[in-house]
Each structure stands twice: as C-alpha cells, then as structure tokens.
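Visitor: Supplied structure: coords35.cif, mmCIF, C-alpha atoms and all ligand atoms; chains and numbers go by the auth columns.
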```cif
data_target
loop_
_atom_site.group_PDB
_atom_site.id
_atom_site.type_symbol
_atom_site.label_atom_id
_atom_site.label_comp_id
_atom_site.label_asym_id
_atom_site.label_seq_id
_atom_site.Cartn_x
_atom_site.Cartn_y
_atom_site.Cartn_z
_atom_site.B_iso_or_equiv
_atom_site.auth_seq_id
_atom_site.auth_asym_id
ATOM 1 C CA MET A 1 -28.059 7.651 -3.327 0.00 1282 I
ATOM 2 C CA ALA A 2 -26.057 8.407 -0.177 0.00 1283 I
ATOM 3 C CA GLU A 3 -25.407 5.349 1.933 0.00 1284 I
ATOM 4 C CA LYS A 4 -26.769 5.338 5.462 0.00 1285 I
ATOM 5 C CA VAL A 5 -23.773 5.014 7.763 0.00 1286 I
ATOM 6 C CA ASP A 6 -23.970 5.649 11.499 0.00 1287 I
ATOM 7 C CA LEU A 7 -20.614 4.905 13.140 0.00 1288 I
ATOM 8 C CA GLY A 8 -20.374 7.873 15.485 0.00 1289 I
ATOM 9 C CA LEU A 9 -18.149 9.696 13.005 0.00 1290 I
ATOM 10 C CA GLY A 10 -19.152 12.882 11.187 0.00 1291 I
ATOM 11 C CA ALA A 11 -19.731 12.639 7.425 0.00 1292 I
ATOM 12 C CA ASN A 12 -16.830 15.044 6.882 0.00 1293 I
ATOM 13 C CA VAL A 13 -14.487 12.804 8.883 0.00 1294 I
ATOM 14 C CA ARG A 14 -15.595 9.697 6.977 0.00 1295 I
ATOM 15 C CA LYS A 15 -15.066 11.484 3.648 0.00 1296 I
ATOM 16 C CA LYS A 16 -11.619 12.815 4.587 0.00 1297 I
ATOM 17 C CA VAL A 17 -10.452 9.399 5.832 0.00 1298 I
ATOM 18 C CA ALA A 18 -11.970 7.588 2.815 0.00 1299 I
ATOM 19 C CA ASP A 19 -10.175 9.991 0.440 0.00 1300 I
ATOM 20 C CA GLY A 20 -6.899 9.321 2.254 0.00 1301 I
ATOM 21 C CA LEU A 21 -7.523 5.579 2.119 0.00 1302 I
ATOM 22 C CA ALA A 22 -8.155 5.796 -1.654 0.00 1303 I
ATOM 23 C CA GLU A 23 -4.675 7.308 -2.150 0.00 1304 I
ATOM 24 C CA VAL A 24 -3.030 4.692 0.075 0.00 1305 I
ATOM 25 C CA LEU A 25 -4.985 1.965 -1.753 0.00 1306 I
ATOM 26 C CA ALA A 26 -3.773 3.207 -5.150 0.00 1307 I
ATOM 27 C CA ASP A 27 -0.160 3.207 -3.961 0.00 1308 I
ATOM 28 C CA HIS A 28 -0.590 -0.300 -2.548 0.00 1309 I
ATOM 29 C CA TYR A 29 -1.889 -1.471 -5.917 0.00 1310 I
ATOM 30 C CA LEU A 30 0.970 0.163 -7.776 0.00 1311 I
ATOM 31 C CA MET A 31 3.529 -1.345 -5.401 0.00 1312 I
ATOM 32 C CA ALA A 32 1.886 -4.797 -5.586 0.00 1313 I
ATOM 33 C CA LEU A 33 2.064 -4.702 -9.387 0.00 1314 I
ATOM 34 C CA LYS A 34 5.683 -3.512 -9.324 0.00 1315 I
ATOM 35 C CA THR A 35 6.616 -6.219 -6.803 0.00 1316 I
ATOM 36 C CA GLN A 36 4.947 -8.871 -8.953 0.00 1317 I
ATOM 37 C CA ASN A 37 6.712 -7.499 -12.048 0.00 1318 I
ATOM 38 C CA PHE A 38 10.042 -7.894 -10.213 0.00 1319 I
ATOM 39 C CA HIS A 39 9.016 -11.411 -9.070 0.00 1320 I
ATOM 40 C CA TRP A 40 8.707 -12.277 -12.772 0.00 1321 I
ATOM 41 C CA ASN A 41 11.710 -10.409 -14.146 0.00 1322 I
ATOM 42 C CA VAL A 42 14.419 -10.672 -11.481 0.00 1323 I
ATOM 43 C CA THR A 43 17.676 -12.317 -12.606 0.00 1324 I
ATOM 44 C CA GLY A 44 21.077 -12.845 -11.012 0.00 1325 I
ATOM 45 C CA PRO A 45 22.779 -14.816 -8.241 0.00 1326 I
ATOM 46 C CA ASN A 46 19.918 -14.216 -5.772 0.00 1327 I
ATOM 47 C CA PHE A 47 17.201 -15.266 -8.210 0.00 1328 I
ATOM 48 C CA GLN A 48 15.539 -17.884 -6.011 0.00 1329 I
ATOM 49 C CA GLY A 49 15.640 -15.816 -2.812 0.00 1330 I
ATOM 50 C CA LEU A 50 14.356 -12.643 -4.431 0.00 1331 I
ATOM 51 C CA HIS A 51 11.758 -14.408 -6.601 0.00 1332 I
ATOM 52 C CA THR A 52 10.350 -15.926 -3.383 0.00 1333 I
ATOM 53 C CA LEU A 53 10.640 -12.710 -1.332 0.00 1334 I
ATOM 54 C CA PHE A 54 8.893 -10.629 -4.013 0.00 1335 I
ATOM 55 C CA GLY A 55 6.212 -13.333 -4.270 0.00 1336 I
ATOM 56 C CA THR A 56 5.560 -13.251 -0.521 0.00 1337 I
ATOM 57 C CA GLN A 57 5.466 -9.452 -0.507 0.00 1338 I
ATOM 58 C CA TYR A 58 3.048 -8.994 -3.416 0.00 1339 I
ATOM 59 C CA ALA A 59 0.715 -11.605 -1.935 0.00 1340 I
ATOM 60 C CA ALA A 60 0.706 -9.677 1.377 0.00 1341 I
ATOM 61 C CA LEU A 61 0.010 -6.423 -0.469 0.00 1342 I
ATOM 62 C CA HIS A 62 -2.969 -7.970 -2.248 0.00 1343 I
ATOM 63 C CA LEU A 63 -4.476 -8.996 1.102 0.00 1344 I
ATOM 64 C CA ALA A 64 -3.955 -5.441 2.374 0.00 1345 I
ATOM 65 C CA ILE A 65 -5.537 -3.957 -0.758 0.00 1346 I
ATOM 66 C CA ASP A 66 -8.754 -5.820 0.021 0.00 1347 I
ATOM 67 C CA GLU A 67 -8.768 -4.572 3.621 0.00 1348 I
ATOM 68 C CA LEU A 68 -8.175 -0.967 2.527 0.00 1349 I
ATOM 69 C CA ALA A 69 -10.937 -1.067 -0.095 0.00 1350 I
ATOM 70 C CA GLU A 70 -13.375 -2.647 2.361 0.00 1351 I
ATOM 71 C CA ARG A 71 -12.623 0.030 4.973 0.00 1352 I
ATOM 72 C CA ILE A 72 -13.557 2.662 2.366 0.00 1353 I
ATOM 73 C CA ARG A 73 -16.837 0.798 1.779 0.00 1354 I
ATOM 74 C CA THR A 74 -17.438 0.535 5.539 0.00 1355 I
ATOM 75 C CA LEU A 75 -17.072 4.308 5.772 0.00 1356 I
ATOM 76 C CA GLY A 76 -19.816 4.629 3.141 0.00 1357 I
ATOM 77 C CA PHE A 77 -17.906 5.454 -0.037 0.00 1358 I
ATOM 78 C CA PRO A 78 -17.211 3.638 -3.312 0.00 1359 I
ATOM 79 C CA ALA A 79 -13.807 1.943 -3.494 0.00 1360 I
ATOM 80 C CA PRO A 80 -11.759 2.904 -6.565 0.00 1361 I
ATOM 81 C CA GLY A 81 -10.664 -0.074 -8.679 0.00 1362 I
ATOM 82 C CA GLY A 82 -9.151 0.682 -12.087 0.00 1363 I
ATOM 83 C CA PHE A 83 -5.748 1.460 -13.579 0.00 1364 I
ATOM 84 C CA ALA A 84 -6.752 4.951 -14.773 0.00 1365 I
ATOM 85 C CA VAL A 85 -8.082 6.053 -11.394 0.00 1366 I
ATOM 86 C CA TYR A 86 -5.170 4.441 -9.540 0.00 1367 I
ATOM 87 C CA GLY A 87 -2.766 6.277 -11.867 0.00 1368 I
ATOM 88 C CA LYS A 88 -4.345 9.568 -10.825 0.00 1369 I
ATOM 89 C CA LEU A 89 -4.429 8.764 -7.086 0.00 1370 I
ATOM 90 C CA ALA A 90 -1.007 7.103 -6.690 0.00 1371 I
ATOM 91 C CA SER A 91 2.177 8.924 -5.693 0.00 1372 I
ATOM 92 C CA LEU A 92 4.648 6.070 -6.243 0.00 1373 I
ATOM 93 C CA LYS A 93 6.216 5.573 -9.673 0.00 1374 I
ATOM 94 C CA GLU A 94 5.876 2.480 -11.857 0.00 1375 I
ATOM 95 C CA ALA A 95 8.888 0.351 -12.784 0.00 1376 I
ATOM 96 C CA LYS A 96 10.610 1.439 -16.006 0.00 1377 I
ATOM 97 C CA GLY A 97 11.819 -2.067 -16.914 0.00 1378 I
ATOM 98 C CA GLY A 98 15.328 -3.459 -17.152 0.00 1379 I
ATOM 99 C CA GLU A 99 16.172 -2.915 -13.457 0.00 1380 I
ATOM 100 C CA SER A 100 19.035 -4.911 -11.934 0.00 1381 I
ATOM 101 C CA TRP A 101 18.210 -6.999 -8.871 0.00 1382 I
ATOM 102 C CA GLN A 102 19.962 -4.382 -6.713 0.00 1383 I
ATOM 103 C CA GLU A 103 17.835 -1.613 -8.238 0.00 1384 I
ATOM 104 C CA MET A 104 14.690 -3.698 -7.693 0.00 1385 I
ATOM 105 C CA CYS A 105 15.480 -4.106 -3.989 0.00 1386 I
ATOM 106 C CA ALA A 106 16.426 -0.442 -3.547 0.00 1387 I
ATOM 107 C CA GLN A 107 13.330 0.803 -5.365 0.00 1388 I
ATOM 108 C CA LEU A 108 10.922 -1.416 -3.434 0.00 1389 I
ATOM 109 C CA ALA A 109 12.598 -0.582 -0.099 0.00 1390 I
ATOM 110 C CA SER A 110 12.197 3.110 -0.862 0.00 1391 I
ATOM 111 C CA ASP A 111 8.562 2.607 -1.985 0.00 1392 I
ATOM 112 C CA ASN A 112 7.787 0.701 1.225 0.00 1393 I
ATOM 113 C CA ASP A 113 9.397 3.485 3.293 0.00 1394 I
ATOM 114 C CA ALA A 114 7.368 6.128 1.442 0.00 1395 I
ATOM 115 C CA LEU A 115 4.147 4.220 1.991 0.00 1396 I
ATOM 116 C CA VAL A 116 4.924 3.719 5.698 0.00 1397 I
ATOM 117 C CA LYS A 117 5.149 7.520 5.975 0.00 1398 I
ATOM 118 C CA ALA A 118 1.889 8.020 4.061 0.00 1399 I
ATOM 119 C CA CYS A 119 0.146 5.473 6.310 0.00 1400 I
ATOM 120 C CA ARG A 120 1.572 7.185 9.407 0.00 1401 I
ATOM 121 C CA LYS A 121 0.138 10.520 8.251 0.00 1402 I
ATOM 122 C CA LEU A 122 -3.275 9.024 7.451 0.00 1403 I
ATOM 123 C CA GLY A 123 -3.365 6.971 10.675 0.00 1404 I
ATOM 124 C CA ASP A 124 -2.504 10.011 12.820 0.00 1405 I
ATOM 125 C CA MET A 125 -5.208 12.068 11.095 0.00 1406 I
ATOM 126 C CA ALA A 126 -7.798 9.273 11.486 0.00 1407 I
ATOM 127 C CA ASP A 127 -6.922 8.734 15.168 0.00 1408 I
ATOM 128 C CA GLU A 128 -7.221 12.456 15.902 0.00 1409 I
ATOM 129 C CA ALA A 129 -10.604 12.533 14.149 0.00 1410 I
ATOM 130 C CA GLY A 130 -11.866 9.573 16.225 0.00 1411 I
ATOM 131 C CA ASP A 131 -11.567 6.873 13.524 0.00 1412 I
ATOM 132 C CA THR A 132 -9.273 4.599 15.532 0.00 1413 I
ATOM 133 C CA GLU A 133 -10.285 1.573 13.406 0.00 1414 I
ATOM 134 C CA THR A 134 -8.569 3.153 10.399 0.00 1415 I
ATOM 135 C CA GLY A 135 -5.712 4.106 12.743 0.00 1416 I
ATOM 136 C CA ASP A 136 -5.349 0.419 13.700 0.00 1417 I
ATOM 137 C CA LEU A 137 -5.443 -0.598 10.037 0.00 1418 I
ATOM 138 C CA MET A 138 -2.642 1.882 9.335 0.00 1419 I
ATOM 139 C CA ASN A 139 -0.604 0.506 12.271 0.00 1420 I
ATOM 140 C CA GLY A 140 -0.731 -2.949 10.692 0.00 1421 I
ATOM 141 C CA ARG A 141 0.270 -1.576 7.299 0.00 1422 I
ATOM 142 C CA LYS A 142 3.192 0.416 8.751 0.00 1423 I
ATOM 143 C CA GLU A 143 4.512 -2.590 10.655 0.00 1424 I
ATOM 144 C CA GLU A 144 4.343 -4.938 7.656 0.00 1425 I
ATOM 145 C CA MET A 145 5.860 -2.521 5.149 0.00 1426 I
ATOM 146 C CA ALA A 146 8.662 -1.410 7.487 0.00 1427 I
ATOM 147 C CA LYS A 147 9.579 -5.094 7.842 0.00 1428 I
ATOM 148 C CA ALA A 148 9.404 -5.541 4.054 0.00 1429 I
ATOM 149 C CA ALA A 149 11.769 -2.572 3.579 0.00 1430 I
ATOM 150 C CA TRP A 150 14.240 -4.073 6.064 0.00 1431 I
ATOM 151 C CA MET A 151 14.216 -7.444 4.231 0.00 1432 I
ATOM 152 C CA LEU A 152 14.715 -5.756 0.853 0.00 1433 I
ATOM 153 C CA ARG A 153 17.613 -3.637 2.120 0.00 1434 I
ATOM 154 C CA SER A 154 19.213 -6.672 3.765 0.00 1435 I
ATOM 155 C CA HIS A 155 19.461 -8.450 0.404 0.00 1436 I
ATOM 156 C CA VAL A 156 21.636 -5.663 -0.960 0.00 1437 I
ATOM 157 C CA GLY A 157 23.862 -5.600 2.164 0.00 1438 I
HETATM 158 FE FE FE B . 4.794 -16.664 -9.302 0.00 1 B
#
```
Would you give me this structure, written as structure tokens?
Guide:
Amino acid sequence: MAEKVDLGLGANVRKKVADGLAEVLADHYLMALKTQNFHWNVTGPNFQGLHTLFGTQYAALHLAIDELAERIRTLGFPAPGGFAVYGKLASLKEAKGGESWQEMCAQLASDNDALVKACRKLGDMADEAGDTETGDLMNGRKEEMAKAAWMLRSHVG
C-alpha cells in the first residue's frame, strides 16, 4: 500500500530523490565496508595512524548510512538494505585484497572524491526540485567526505 506522505513535494520529486538517495546509500555502504576492511588489514609503518583513521571514517559512514536510509523512508519509500541490492545500486568498486597502505589511502581518497561528486549532483537536483532537506543532507555528506579525502591524501604525502 502506498504510504501517505504530504510534505509539499510532488510524488515524482519524492521518487526521483529517493532513487538517487538509494544509489548514494549503496555507495556509502560499499565504502564503509571497504574502509573497515582496510582498518583490519592495513600493515606498515603507519599502522596505528591508519588503523585509527580508517576506524574513525567507517564509524562516520555508518552514522551517515542511517541518515540516508531514514531520509528515503521519510520521503515515503522503502530503504534498500542487502548486499545483492547494494551491489546493483553501487558505482564504487570493492577492494580486491592485498592492497598496500598507500593503495588503501589512494583508493579511499578517490572513492570519497567520487561520492562527493555524486552527492553534489543529487543535492543540486533535490534543491532545484524543492527538497532542500535532502540538499542539506548532501551538504553535510560532501563536507565530511571531502575532509576524509584530504586526510587520506595527506598520509601518502
Ligand atoms: Fe576495530
């Protein structure tokens, strides 16, 4: 049964934004898992620093994942939550395994950059369609992930 939602946004706008949020959510999940994988598997002279940095970053991504999923629910749609569906929706690539610490930092910096751009696109579309709440959510995501990319790049020098 369709959920009754009356937020001053057309059903088509809510659907378009919710679909965009589902893609961004899937990429957040993939990046959180990859970041946690690197938290576990990093080795080398920067072990402690990178183990801690990756730990902080995956924890932040998990908080964001909840916000993204709950925005989809607020807009009146089911939030996707499974590996198979995330695999279909995500654009980022999973870790292959065996990465050096430099490759881990470079890959995550590039993933964060890519997701900043995806959030910028979705936020601009939502703002133009009148869904400034999703636009605000995207602003927060862009700011946090741009900062994460800077920290990752700074470890490599
Ligand atoms: Fe841990």
Visitor: With all atoms listed in the file as the basis for distance, which of I:Ala1427, I:Met1406, I:Ala1371, I:Leu1389 is at the shortest distance from Val1305 in chain I?
Guide: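 Residue with the minimum atom-to-atom distance to Val1305 in chain I: I:Ala1371.
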Visitor: Distance CA of Lys1315 in chain I-CA of Leu1373 in chain I, one decimal place?
Guide: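 These atoms are spaced 10.1 Å apart.
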Visitor: What residues of the protein or nucleic acid chains come within 12 Å of ligand FE 1 (chain B) when you use all atoms listed in the file? Reply as a list in words.
Guide: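 Sorted by chain and then by number, the residues are Thr1316, Gln1317, Asn1318, Phe1319, His1320, Trp1321, Asn1322, Val1323, Gln1329, Leu1331, His1332, Thr1333, Leu1334, Phe1335, Gly1336, Thr1337, Gln1338, Tyr1339 and Ala1340 of chain I.
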Visitor: Between I:Met1312, I:Met1432, I:Val1298, I:Met1419, single out the one closest to Gly1357 in chain I, counting only C-alpha atoms.
Guide: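 Ranking I:Met1312, I:Met1432, I:Val1298, I:Met1419 by distance to Gly1357 in chain I, first place goes to I:Val1298.
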Visitor: Using all atoms listed in the file, which of I:Gln1383, I:Ser1372, I:Asn1327, I:Ser1435 sits nearest Leu1306 in chain I?
Guide: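 Nearest to Leu1306 in chain I: I:Ser1372.
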Visitor: Run the PyMOL selection byres (((chain I and resi 1431) around 12) and not hetatm) against the file shown and list the residues it catches, as a list in words.
Guide: Leu1334, Cys1386, Ala1387, Leu1389, Ala1390, Ser1391, Asp1392, Asn1393, Asp1394, Glu1424, Glu1425, Met1426, Ala1427, Lys1428, Ala1429, Ala1430, Met1432, Leu1433, Arg1434, Ser1435, His1436, Val1437 and Gly1438 of chain I
Visitor: Find the residues with any atom within 12 Å of (-15.1, -1.5, 5.4); use all atoms listed in the file and the coordinates as given in the file, and write the answer as a ChimeraX atom specification.
Guide: /I:1286,1288,1295,1298-1299,1302,1346-1360,1414-1415,1418
Visitor: Counting only C-alpha atoms, which residue out of I:Lys1423, I:Phe1328, I:Gln1388, I:Gly1362 sits closest to Ala1303 in chain I?
Guide: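 Nearest candidate to Ala1303 in chain I out of I:Lys1423, I:Phe1328, I:Gln1388, I:Gly1362: I:Gly1362.
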Visitor: My list of candidates is I:Lys1402, I:Gly1416, I:Pro1326, I:Leu1311. Which is closest to Trp1382 in chain I when distances are computed with only C-alpha atoms?
Guide: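 Counting only C-alpha atoms, the residue closest to Trp1382 in chain I is I:Pro1326.
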Visitor: Just the number, please: distance in Å from CA of Ala1313 in chain I to CA of Leu1342 in chain I, one decimal.
Guide: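 CA of Leu1342 in chain I lies 5.7 Å from CA of Ala1313 in chain I.
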Visitor: Would you compute the distance between CA of Gly1325 in chain I and CA of Ala1395 in chain I? Give it in Å to one decimal.
Guide: 26.5 Å
